[in-house]
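Chemist: This is target.pdb (PDB, C-alpha atoms).
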```
MODEL        1
ATOM      1  CA  MET A   1     153.527 197.923  70.717
ATOM      2  CA  LYS A   2     149.790 198.492  70.913
ATOM      3  CA  THR A   3     148.736 202.076  71.536
ATOM      4  CA  ASN A   4     147.157 201.681  74.985
ATOM      5  CA  CYS A   5     150.107 199.710  76.328
ATOM      6  CA  TYR A   6     152.503 202.069  74.610
ATOM      7  CA  TYR A   7     151.340 205.165  76.428
ATOM      8  CA  MET A   8     150.828 203.465  79.755
ATOM      9  CA  PHE A   9     154.403 202.174  79.466
ATOM     10  CA  ILE A  10     155.578 205.764  79.919
ATOM     11  CA  PHE A  11     154.687 205.609  83.611
ATOM     12  CA  LEU A  12     157.196 202.851  84.238
ATOM     13  CA  LEU A  13     159.848 204.772  82.375
ATOM     14  CA  ILE A  14     159.417 208.346  83.555
ATOM     15  CA  GLY A  15     161.104 208.271  86.880
ATOM     16  CA  SER A  16     163.640 210.216  88.899
ATOM     17  CA  LEU A  17     167.272 211.145  88.431
ATOM     18  CA  SER A  18     169.230 212.111  91.535
ATOM     19  CA  ILE A  19     172.198 214.323  92.210
ATOM     20  CA  ALA A  20     174.052 215.259  95.388
ATOM     21  CA  ALA A  21     171.802 217.242  97.729
ATOM     22  CA  GLU A  22     174.905 218.948  99.134
ATOM     23  CA  ARG A  23     175.145 221.024  95.948
ATOM     24  CA  VAL A  24     171.722 222.600  96.519
ATOM     25  CA  THR A  25     171.888 226.274  97.476
ATOM     26  CA  VAL A  26     168.610 227.610  96.076
ATOM     27  CA  LYS A  27     166.021 228.707  98.612
ATOM     28  CA  SER A  28     162.718 227.533  97.213
ATOM     29  CA  ASN A  29     159.788 225.250  97.888
ATOM     30  CA  ILE A  30     159.741 223.676  94.398
ATOM     31  CA  VAL A  31     161.168 220.150  94.085
ATOM     32  CA  ASN A  32     163.184 220.811  90.922
ATOM     33  CA  GLU A  33     164.783 223.932  92.409
ATOM     34  CA  VAL A  34     165.671 222.413  95.777
ATOM     35  CA  TYR A  35     166.742 219.028  94.348
ATOM     36  CA  PRO A  36     167.798 219.617  90.714
ATOM     37  CA  SER A  37     167.156 216.556  88.529
ATOM     38  CA  LEU A  38     165.852 214.487  91.432
ATOM     39  CA  THR A  39     162.606 213.816  89.583
ATOM     40  CA  THR A  40     161.509 214.044  85.962
ATOM     41  CA  GLY A  41     157.803 213.176  86.271
ATOM     42  CA  VAL A  42     154.805 214.821  87.929
ATOM     43  CA  LEU A  43     156.796 215.717  91.049
ATOM     44  CA  THR A  44     159.283 217.904  89.171
ATOM     45  CA  TYR A  45     157.416 221.132  89.954
ATOM     46  CA  ALA A  46     155.538 219.964  93.040
ATOM     47  CA  LYS A  47     155.549 222.277  96.056
ATOM     48  CA  ILE A  48     157.460 221.172  99.164
ATOM     49  CA  LEU A  49     155.232 221.754 102.188
ATOM     50  CA  ASP A  50     154.733 220.584 105.750
ATOM     51  CA  LEU A  51     151.867 218.142 105.231
ATOM     52  CA  LYS A  52     149.957 216.760 108.208
ATOM     53  CA  ASN A  53     148.621 213.399 109.417
ATOM     54  CA  GLY A  54     151.198 211.263 107.606
ATOM     55  CA  THR A  55     150.262 212.595 104.164
ATOM     56  CA  ILE A  56     153.254 212.631 101.818
ATOM     57  CA  LEU A  57     151.476 213.928  98.701
ATOM     58  CA  LYS A  58     148.356 215.961  98.087
ATOM     59  CA  TYR A  59     146.602 216.844  94.842
ATOM     60  CA  LYS A  60     143.015 218.150  94.940
ATOM     61  CA  ASN A  61     141.132 215.532  96.974
ATOM     62  CA  ILE A  62     143.847 212.899  96.485
ATOM     63  CA  GLU A  63     146.024 212.280  99.539
ATOM     64  CA  ILE A  64     148.731 209.612  99.552
ATOM     65  CA  ASN A  65     150.603 208.240 102.558
ATOM     66  CA  GLU A  66     153.444 205.748 102.912
ATOM     67  CA  LYS A  67     151.041 202.880 103.605
ATOM     68  CA  ASP A  68     149.475 203.493 100.181
ATOM     69  CA  LEU A  69     152.901 203.089  98.602
ATOM     70  CA  LYS A  70     153.644 199.898 100.501
ATOM     71  CA  ASP A  71     150.266 198.441  99.522
ATOM     72  CA  TYR A  72     151.037 199.345  95.912
ATOM     73  CA  ILE A  73     154.436 197.644  96.116
ATOM     74  CA  THR A  74     152.798 194.505  97.510
ATOM     75  CA  SER A  75     150.617 194.355  94.398
ATOM     76  CA  GLN A  76     153.670 194.349  92.089
ATOM     77  CA  PRO A  77     155.577 191.272  90.822
ATOM     78  CA  GLY A  78     157.783 189.739  93.488
ATOM     79  CA  LEU A  79     160.981 190.162  91.468
ATOM     80  CA  VAL A  80     160.885 193.975  91.662
ATOM     81  CA  ARG A  81     159.437 194.470  95.159
ATOM     82  CA  ALA A  82     162.811 194.703  96.902
ATOM     83  CA  GLU A  83     163.965 197.373  94.446
ATOM     84  CA  LEU A  84     160.732 199.305  94.824
ATOM     85  CA  GLU A  85     160.965 199.251  98.606
ATOM     86  CA  GLU A  86     164.345 200.980  98.328
ATOM     87  CA  ASN A  87     162.999 203.591  95.875
ATOM     88  CA  LEU A  88     159.859 205.000  97.481
ATOM     89  CA  LEU A  89     160.238 208.369  95.768
ATOM     90  CA  PHE A  90     160.187 206.623  92.398
ATOM     91  CA  VAL A  91     157.148 204.613  93.516
ATOM     92  CA  LEU A  92     155.360 207.783  94.623
ATOM     93  CA  GLU A  93     155.977 209.456  91.282
ATOM     94  CA  GLN A  94     154.538 206.488  89.389
ATOM     95  CA  TYR A  95     151.645 205.857  91.783
ATOM     96  CA  ALA A  96     150.621 209.515  92.066
ATOM     97  CA  GLY A  97     151.380 210.229  88.428
ATOM     98  CA  LYS A  98     148.788 207.808  87.151
ATOM     99  CA  GLN A  99     146.111 209.128  89.508
ATOM    100  CA  ILE A 100     146.840 212.751  88.667
ATOM    101  CA  LEU A 101     146.914 212.150  84.924
ATOM    102  CA  ALA A 102     143.704 210.105  85.140
ATOM    103  CA  ASP A 103     141.994 213.045  86.855
ATOM    104  CA  ILE A 104     143.239 215.491  84.213
ATOM    105  CA  ALA A 105     142.281 213.109  81.393
ATOM    106  CA  LEU A 106     138.758 212.668  82.753
ATOM    107  CA  GLU A 107     138.252 216.428  82.859
ATOM    108  CA  GLU A 108     139.751 217.105  79.426
ATOM    109  CA  ASN A 109     138.008 214.166  77.748
ATOM    110  CA  ALA A 110     134.674 215.462  79.008
ATOM    111  CA  LYS A 111     135.361 218.786  77.264
ATOM    112  CA  ASN A 112     136.003 216.916  74.012
ATOM    113  CA  ASN A 113     133.101 214.473  74.426
ATOM    114  CA  ILE A 114     135.494 211.538  74.670
ATOM    115  CA  GLN A 115     134.155 208.621  76.709
ATOM    116  CA  SER A 116     136.268 205.934  78.349
ATOM    117  CA  LYS A 117     135.729 202.762  80.375
ATOM    118  CA  ASN A 118     138.526 203.080  82.956
ATOM    119  CA  ASP A 119     141.564 205.156  83.962
ATOM    120  CA  ASN A 120     143.942 203.453  81.537
ATOM    121  CA  ASN A 121     141.552 203.893  78.644
ATOM    122  CA  SER A 122     140.869 207.494  79.646
ATOM    123  CA  ILE A 123     144.575 208.374  79.805
ATOM    124  CA  SER A 124     145.325 206.686  76.481
ATOM    125  CA  ALA A 125     142.424 208.480  74.778
ATOM    126  CA  TYR A 126     143.547 211.813  76.197
ATOM    127  CA  LEU A 127     147.154 211.353  75.081
ATOM    128  CA  GLU A 128     146.099 210.124  71.643
ATOM    129  CA  ASN A 129     143.992 213.235  71.185
ATOM    130  CA  MET A 130     146.802 215.483  72.415
ATOM    131  CA  LEU A 131     149.326 213.912  70.015
ATOM    132  CA  ALA A 132     147.023 213.582  67.016
ATOM    133  CA  ASP A 133     148.963 216.085  64.894
ATOM    134  CA  THR A 134     152.444 214.762  65.723
ATOM    135  CA  SER A 135     154.439 213.814  62.637
ATOM    136  CA  VAL A 136     157.964 213.062  61.401
ATOM    137  CA  ASN A 137     159.602 214.612  58.336
ATOM    138  CA  ASP A 138     162.260 213.251  55.989
ATOM    139  CA  GLN A 139     164.993 215.317  57.620
ATOM    140  CA  GLU A 140     164.347 213.663  60.985
ATOM    141  CA  VAL A 141     164.447 210.221  59.393
ATOM    142  CA  GLU A 142     167.704 211.002  57.591
ATOM    143  CA  LYS A 143     169.264 212.381  60.784
ATOM    144  CA  PHE A 144     168.406 209.206  62.689
ATOM    145  CA  TYR A 145     169.844 207.061  59.906
ATOM    146  CA  GLU A 146     173.090 209.048  59.817
ATOM    147  CA  GLU A 147     173.498 208.943  63.594
ATOM    148  CA  ASN A 148     172.959 205.167  63.651
ATOM    149  CA  VAL A 149     174.469 204.182  60.321
ATOM    150  CA  SER A 150     176.642 201.445  61.866
ATOM    151  CA  VAL A 151     173.511 199.632  63.064
ATOM    152  CA  PHE A 152     172.166 199.204  59.532
ATOM    153  CA  ASN A 153     175.261 197.356  58.220
ATOM    154  CA  GLY A 154     175.228 199.056  54.843
ATOM    155  CA  THR A 155     171.476 198.758  54.256
ATOM    156  CA  PRO A 156     170.435 201.819  52.208
ATOM    157  CA  LEU A 157     168.115 204.388  53.749
ATOM    158  CA  SER A 158     165.429 203.705  51.152
ATOM    159  CA  ALA A 159     165.092 200.103  52.399
ATOM    160  CA  VAL A 160     164.550 201.045  56.038
ATOM    161  CA  LYS A 161     162.964 204.476  55.732
ATOM    162  CA  GLU A 162     159.455 203.452  56.761
ATOM    163  CA  GLN A 163     160.661 201.432  59.762
ATOM    164  CA  ILE A 164     162.811 204.352  60.899
ATOM    165  CA  LYS A 165     159.936 206.775  60.429
ATOM    166  CA  SER A 166     157.655 204.638  62.607
ATOM    167  CA  TYR A 167     160.309 204.311  65.318
ATOM    168  CA  VAL A 168     161.192 208.022  65.333
ATOM    169  CA  LEU A 169     157.499 208.923  65.521
ATOM    170  CA  GLN A 170     157.020 206.706  68.570
ATOM    171  CA  GLU A 171     160.121 208.212  70.190
ATOM    172  CA  LYS A 172     158.874 211.734  69.494
ATOM    173  CA  LYS A 173     155.483 210.947  71.025
ATOM    174  CA  LEU A 174     157.116 209.439  74.091
ATOM    175  CA  SER A 175     159.286 212.526  74.451
ATOM    176  CA  LEU A 176     156.286 214.853  74.172
ATOM    177  CA  VAL A 177     154.339 212.842  76.736
ATOM    178  CA  ALA A 178     157.310 212.845  79.095
ATOM    179  CA  GLU A 179     157.694 216.608  78.783
ATOM    180  CA  TYR A 180     153.975 217.137  79.325
ATOM    181  CA  ILE A 181     153.929 214.970  82.464
ATOM    182  CA  LYS A 182     157.056 216.691  83.773
ATOM    183  CA  ASN A 183     155.349 220.102  83.489
ATOM    184  CA  ILE A 184     152.019 219.131  85.076
ATOM    185  CA  GLY A 185     153.068 220.713  88.382
ATOM    186  CA  LEU A 186     153.398 224.110  86.655
ATOM    187  CA  LYS A 187     149.662 224.118  85.944
ATOM    188  CA  TYR A 188     148.198 222.027  88.758
ATOM    189  CA  ASP A 189     148.767 222.294  92.506
ATOM    190  CA  ILE A 190     150.724 219.255  93.729
ATOM    191  CA  SER A 191     152.283 219.199  97.219
ATOM    192  CA  ILE A 192     154.847 216.837  98.753
ATOM    193  CA  ALA A 193     155.947 216.500 102.388
ATOM    194  CA  GLY A 194     159.342 218.165 102.885
ATOM    195  CA  ASN A 195     160.803 215.902 105.590
ATOM    196  CA  TRP A 196     159.813 212.747 103.728
ATOM    197  CA  LEU A 197     161.257 214.109 100.467
ATOM    198  CA  LYS A 198     164.559 215.022 102.115
ATOM    199  CA  GLU A 199     164.935 211.508 103.519
ATOM    200  CA  GLN A 200     164.067 209.832 100.228
ATOM    201  CA  ALA A 201     166.376 212.134  98.249
ATOM    202  CA  LEU A 202     169.329 210.810 100.225
ATOM    203  CA  ILE A 203     168.205 207.179  99.918
ATOM    204  CA  SER A 204     167.779 207.489  96.152
ATOM    205  CA  GLN A 205     171.485 208.310  95.746
ATOM    206  CA  ASN A 206     172.629 204.996  97.173
ATOM    207  CA  ASN A 207     173.649 203.401  93.866
ATOM    208  CA  LEU A 208     176.753 203.482  91.669
ATOM    209  CA  LEU A 209     175.324 205.732  88.980
ATOM    210  CA  ASP A 210     173.984 208.472  91.258
ATOM    211  CA  MET A 211     177.176 208.433  93.297
ATOM    212  CA  ALA A 212     179.233 208.700  90.102
ATOM    213  CA  ARG A 213     177.172 211.669  88.934
ATOM    214  CA  SER A 214     177.835 213.497  92.185
ATOM    215  CA  SER A 215     181.609 212.884  92.008
ATOM    216  CA  GLU A 216     182.323 216.031  89.947
ATOM    217  CA  LYS A 217     183.646 213.893  87.102
ATOM    218  CA  ALA A 218     181.900 213.203  83.812
ATOM    219  CA  THR A 219     180.131 209.848  83.685
ATOM    220  CA  ILE A 220     179.340 207.380  80.919
ATOM    221  CA  ALA A 221     176.475 205.072  81.878
ATOM    222  CA  ILE A 222     175.905 201.884  79.914
ATOM    223  CA  PHE A 223     172.588 200.108  80.439
ATOM    224  CA  SER A 224     172.814 196.644  78.935
ATOM    225  CA  ALA A 225     172.604 192.896  79.589
ATOM    226  CA  ALA A 226     173.235 189.573  77.903
ATOM    227  CA  SER A 227     170.626 188.859  75.242
ATOM    228  CA  CYS A 228     168.715 185.676  74.528
ATOM    229  CA  CYS A 229     170.873 185.272  71.424
ATOM    230  CA  GLY A 230     174.315 185.670  72.921
ATOM    231  CA  PRO A 231     176.643 187.611  75.246
ATOM    232  CA  ASP A 232     176.406 191.292  76.049
ATOM    233  CA  LYS A 233     178.089 193.147  73.172
ATOM    234  CA  MET A 234     178.527 196.280  75.293
ATOM    235  CA  ALA A 235     180.577 194.501  77.992
ATOM    236  CA  PRO A 236     183.889 194.505  76.066
ATOM    237  CA  ILE A 237     183.267 198.141  75.090
ATOM    238  CA  ARG A 238     182.772 198.988  78.772
ATOM    239  CA  ASP A 239     186.084 197.308  79.567
ATOM    240  CA  ALA A 240     187.897 199.135  76.771
ATOM    241  CA  LEU A 241     186.523 202.509  77.873
ATOM    242  CA  THR A 242     187.465 201.800  81.478
ATOM    243  CA  ASN A 243     191.032 201.020  80.429
ATOM    244  CA  LYS A 244     191.263 204.057  78.161
ATOM    245  CA  TYR A 245     189.899 206.675  80.509
ATOM    246  CA  LYS A 246     190.781 205.118  83.881
ATOM    247  CA  ASP A 247     190.555 207.994  86.411
ATOM    248  CA  GLN A 248     189.451 210.619  83.875
ATOM    249  CA  LEU A 249     185.810 209.556  83.572
ATOM    250  CA  ASN A 250     183.386 207.376  85.489
ATOM    251  CA  ILE A 251     182.356 204.340  83.437
ATOM    252  CA  VAL A 252     179.263 202.818  85.053
ATOM    253  CA  TYR A 253     177.663 199.619  83.792
ATOM    254  CA  ILE A 254     174.079 198.782  84.805
ATOM    255  CA  ASN A 255     172.577 195.363  84.157
ATOM    256  CA  ALA A 256     169.130 196.560  83.137
ATOM    257  CA  LYS A 257     167.525 193.170  83.666
ATOM    258  CA  GLU A 258     168.733 193.001  87.267
ATOM    259  CA  GLN A 259     168.213 196.682  88.104
ATOM    260  CA  GLN A 260     164.840 197.375  86.553
ATOM    261  CA  VAL A 261     163.853 200.265  88.819
ATOM    262  CA  LEU A 262     167.117 202.147  88.307
ATOM    263  CA  SER A 263     166.753 201.642  84.559
ATOM    264  CA  ALA A 264     163.178 202.917  84.687
ATOM    265  CA  ARG A 265     164.246 205.927  86.752
ATOM    266  CA  TYR A 266     166.625 206.878  83.984
ATOM    267  CA  GLY A 267     164.021 206.428  81.254
ATOM    268  CA  VAL A 268     165.719 203.446  79.618
ATOM    269  CA  LYS A 269     163.183 202.007  77.190
ATOM    270  CA  SER A 270     165.427 199.494  75.448
ATOM    271  CA  ILE A 271     168.896 198.039  75.830
ATOM    272  CA  PRO A 272     171.604 198.753  75.201
ATOM    273  CA  THR A 273     171.353 202.454  76.027
ATOM    274  CA  GLN A 274     174.291 204.782  76.617
ATOM    275  CA  ILE A 275     174.017 208.073  78.538
ATOM    276  CA  ILE A 276     176.760 210.665  79.024
ATOM    277  CA  PHE A 277     176.647 213.097  81.959
ATOM    278  CA  ASP A 278     178.920 216.106  82.381
ATOM    279  CA  ASP A 279     180.920 216.828  85.540
ATOM    280  CA  MET A 280     177.877 218.481  87.129
ATOM    281  CA  GLY A 281     175.790 215.333  86.674
ATOM    282  CA  LYS A 282     173.714 216.794  83.825
ATOM    283  CA  GLU A 283     172.727 214.512  80.967
ATOM    284  CA  VAL A 284     174.277 215.775  77.732
ATOM    285  CA  PHE A 285     173.829 212.802  75.395
ATOM    286  CA  ARG A 286     171.742 209.647  75.075
ATOM    287  CA  HIS A 287     171.718 206.857  72.510
ATOM    288  CA  SER A 288     169.611 203.711  72.308
ATOM    289  CA  GLY A 289     170.941 200.689  70.458
ATOM    290  CA  PHE A 290     174.408 199.263  69.929
ATOM    291  CA  TYR A 291     177.144 201.905  69.965
ATOM    292  CA  THR A 292     180.734 201.064  69.103
ATOM    293  CA  GLU A 293     183.765 202.072  71.151
ATOM    294  CA  GLU A 294     184.739 204.453  68.338
ATOM    295  CA  ASP A 295     181.251 206.018  68.314
ATOM    296  CA  ILE A 296     181.407 206.707  72.053
ATOM    297  CA  ILE A 297     184.940 208.111  71.917
ATOM    298  CA  ASN A 298     183.965 210.403  69.029
ATOM    299  CA  LYS A 299     180.955 211.620  70.981
ATOM    300  CA  ILE A 300     183.120 212.286  74.049
ATOM    301  CA  ASP A 301     185.444 214.360  71.834
ATOM    302  CA  VAL A 302     182.613 216.280  70.179
ATOM    303  CA  LEU A 303     181.043 217.086  73.554
ATOM    304  CA  GLU A 304     184.495 218.025  74.877
ATOM    305  CA  ILE A 305     183.956 215.777  77.878
ATOM    306  CA  LYS A 306     186.989 215.753  80.177
TER     307      LYS A 306
ENDMDL
END
```
Output the file's structure as structure tokens, nothing else.

Modeler:
Amino acid sequence: MKTNCYYMFIFLLIGSLSIAAERVTVKSNIVNEVYPSLTTGVLTYAKILDLKNGTILKYKNIEINEKDLKDYITSQPGLVRAELEENLLFVLEQYAGKQILADIALEENAKNNIQSKNDNNSISAYLENMLADTSVNDQEVEKFYEENVSVFNGTPLSAVKEQIKSYVLQEKKLSLVAEYIKNIGLKYDISIAGNWLKEQALISQNNLLDMARSSEKATIAIFSAASCCGPDKMAPIRDALTNKYKDQLNIVYINAKEQQVLSARYGVKSIPTQIIFDDMGKEVFRHSGFYTEEDIINKIDVLEIK
């Protein structure tokens, strides 16, 4: 994936994860403390305030209202508009996130004498500069190979080392960018309207995965779909896990091609992806790529998921 597209792709993927609002007992005005795991992008540490005149988000001289979000949705491909309309909090995080990061990038690039033609170029240049010293060592490559050995069908590490190194480096950069964006609210003053947030927090839970996570049972989420080359290889594994664990665990299957926004909210960059959540709805494991039934069961045992 080309560099500019690669880093801009993060905005589609860094979204929000929701959990039952009824569990919230913390008295605070910070999004992540009032609604744990509701968002994982720039809104994570935003302040919850009583904003006026229909404003739902404020950052410096940037003010965003619901009409701005609806206009943004209208500009998106028709296939995802219905999903976006039902996930306005996700839309806000993406829409505001790009504007906020563009503002930060412009300021930081000026300090480093980096010039850019537009917001996308400015953000990419800023992130490239920030990640310039990121690297991957042999131990990280070997760990990835060992954790995904079944995928390589007996191919020795030496034959795939460079490909793995490139992939792991991209994943590390994505992770660093995601963490940076998540923590922006700790350094910069971002405010979100409390009443609007409360309403959208409830709406965001109206899907099988979020409801499963709030059920006080551990959950295995499988994001997958049929490929261009054949049937979905994770479907029979889903069925086997459902039969094995029955009422013990929630087994939730998400067709990532049909539920693109939900997949983006959960940071799914490729399919299949498997995510395990504990009984409090906290993510404890994630794997991208094909994962056998035995692999998943072993991971459940290692994590002592019950």

Chemist: Once the PyMOL selection byres ((chain A and resi 178) around 9) has been evaluated on this model, what residues remain selected, and can you format them as an MDAnalysis selection string?

Modeler: chainID A and resid 10:11 14 40:41 173:177 179:183

Chemist: Rank A:Asn121, A:Ser135, A:Ser214, A:Thr292 by their smallest atom-to-atom distance to Leu241 in chain A, using only C-alpha atoms, and report the top residue only.

Modeler: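 Distance minimum relative to Leu241 in chain A lands on A:Thr292.
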
Chemist: Please determine, counting only C-alpha atoms, which residue among A:Ala110, A:Ile220, A:Ile190, A:Leu209 has the shortest atom-to-atom distance to Arg265 in chain A.

Modeler: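 Closest to Arg265 in chain A of all the choices is A:Leu209.
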
Chemist: Do a neighbour search on Glu63 in chain A at 12 Å with all atoms listed in the file, toss out local chain neighbours closer than 2 positions, and write the hits as a ChimeraX atom specification.

Modeler: /A:51-61,65-69,92,95-96,99-100,190-193

Chemist: Using C-alpha atoms, can you export the residues from the last selection as a PDB file, in the coordinates of the input?

Modeler:
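Contents of selection27.pdb, as written:
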```pdb
ATOM      1  CA  LEU A  51     151.867 218.142 105.231  1.00  0.00           C
ATOM      2  CA  LYS A  52     149.957 216.760 108.208  1.00  0.00           C
ATOM      3  CA  ASN A  53     148.621 213.399 109.417  1.00  0.00           C
ATOM      4  CA  GLY A  54     151.198 211.263 107.606  1.00  0.00           C
ATOM      5  CA  THR A  55     150.262 212.595 104.164  1.00  0.00           C
ATOM      6  CA  ILE A  56     153.254 212.631 101.818  1.00  0.00           C
ATOM      7  CA  LEU A  57     151.476 213.928  98.701  1.00  0.00           C
ATOM      8  CA  LYS A  58     148.356 215.961  98.087  1.00  0.00           C
ATOM      9  CA  TYR A  59     146.602 216.844  94.842  1.00  0.00           C
ATOM     10  CA  LYS A  60     143.015 218.150  94.940  1.00  0.00           C
ATOM     11  CA  ASN A  61     141.132 215.532  96.974  1.00  0.00           C
ATOM     12  CA  ASN A  65     150.603 208.240 102.558  1.00  0.00           C
ATOM     13  CA  GLU A  66     153.444 205.748 102.912  1.00  0.00           C
ATOM     14  CA  LYS A  67     151.041 202.880 103.605  1.00  0.00           C
ATOM     15  CA  ASP A  68     149.475 203.493 100.181  1.00  0.00           C
ATOM     16  CA  LEU A  69     152.901 203.089  98.602  1.00  0.00           C
ATOM     17  CA  LEU A  92     155.360 207.783  94.623  1.00  0.00           C
ATOM     18  CA  TYR A  95     151.645 205.857  91.783  1.00  0.00           C
ATOM     19  CA  ALA A  96     150.621 209.515  92.066  1.00  0.00           C
ATOM     20  CA  GLN A  99     146.111 209.128  89.508  1.00  0.00           C
ATOM     21  CA  ILE A 100     146.840 212.751  88.667  1.00  0.00           C
ATOM     22  CA  ILE A 190     150.724 219.255  93.729  1.00  0.00           C
ATOM     23  CA  SER A 191     152.283 219.199  97.219  1.00  0.00           C
ATOM     24  CA  ILE A 192     154.847 216.837  98.753  1.00  0.00           C
ATOM     25  CA  ALA A 193     155.947 216.500 102.388  1.00  0.00           C
TER      26      ALA A 193
END
```

Chemist: For a test of reading the model, state the distance in Å between CA of Leu202 in chain A and CA of Arg286 in chain A, rounded to one decimal.

Modeler: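 Answer for the CA of Leu202 in chain A to CA of Arg286 in chain A separation: 25.3 Å.
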
Chemist: Between CA of Trp196 in chain A and CA of Asn120 in chain A, what is the spacing in Å?

Modeler: 28.8 Å

Chemist: Residues within 7 Å of Gly289 in chain A, please, as a list of chain:residue names. Count all atoms listed in the file; anything in the same chain fewer than 5 positions from it doesn't count.

Modeler: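 Residues near the query, excluding close chain neighbours: A:Ile271, A:Pro272, A:Thr273.
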
Chemist: Show me as a list in words the residues that reach within 10 Å of (161.6, 200.2, 101.0), counting all atoms listed in the file and using the file's own coordinates.

Modeler: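 The residues near that point, listed by chain and number, are Leu69, Lys70, Ile73, Arg81, Ala82, Glu83, Leu84, Glu85, Glu86, Asn87, Leu88, Leu89, Val91, Gln200 and Ile203 of chain A.
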
Chemist: Check what the PyMOL selection byres ((chain A and resi 260) around 12) selects in the file above and give those residues as number ranges by chain.

Modeler: A: 12-13, 15, 77, 79-84, 87, 90, 223-225, 254-259, 261-271

Chemist: Running the PyMOL selection byres ((chain A and resi 248-252) around 8) on this model by hand, what would come out? Give it as JSON, numbers by chain.

Modeler: {"A": [208, 209, 212, 217, 218, 219, 220, 221, 222, 238, 241, 242, 245, 246, 247, 253, 254, 306]}

Chemist: Can you work out the spacing between CA of Met280 in chain A and CA of Glu304 in chain A in Å, to one decimal?

Modeler: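 That distance, rounded to one decimal, is 13.9 Å.
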
Chemist: Which one of A:Gly194, A:Val168, A:Asp278, A:Ser158 sits closest to Ser215 in chain A if you count all atoms listed in the file?

Modeler: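 When distances to Ser215 in chain A are compared using all atoms listed in the file, the smallest one comes from A:Asp278.
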
Chemist: Looking at A:Ile297, A:Ile164, A:Ser122, A:Asp71, which one is nearest to Phe152 in chain A, with distances taken over all atoms listed in the file?

Modeler: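 Among A:Ile297, A:Ile164, A:Ser122, A:Asp71, it is A:Ile164 that comes nearest to Phe152 in chain A.
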
Chemist: A:Phe277, A:Lys161, A:Thr155, A:Ile305: which is nearest Glu142 in chain A, counting all atoms listed in the file?

Modeler: A:Lys161

Chemist: With distances taken over all atoms listed in the file, which of A:Leu303, A:Met211, A:Leu186, A:Ala132 is nearest to Tyr45 in chain A?

Modeler: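 Ranking A:Leu303, A:Met211, A:Leu186, A:Ala132 by distance to Tyr45 in chain A, first place goes to A:Leu186.
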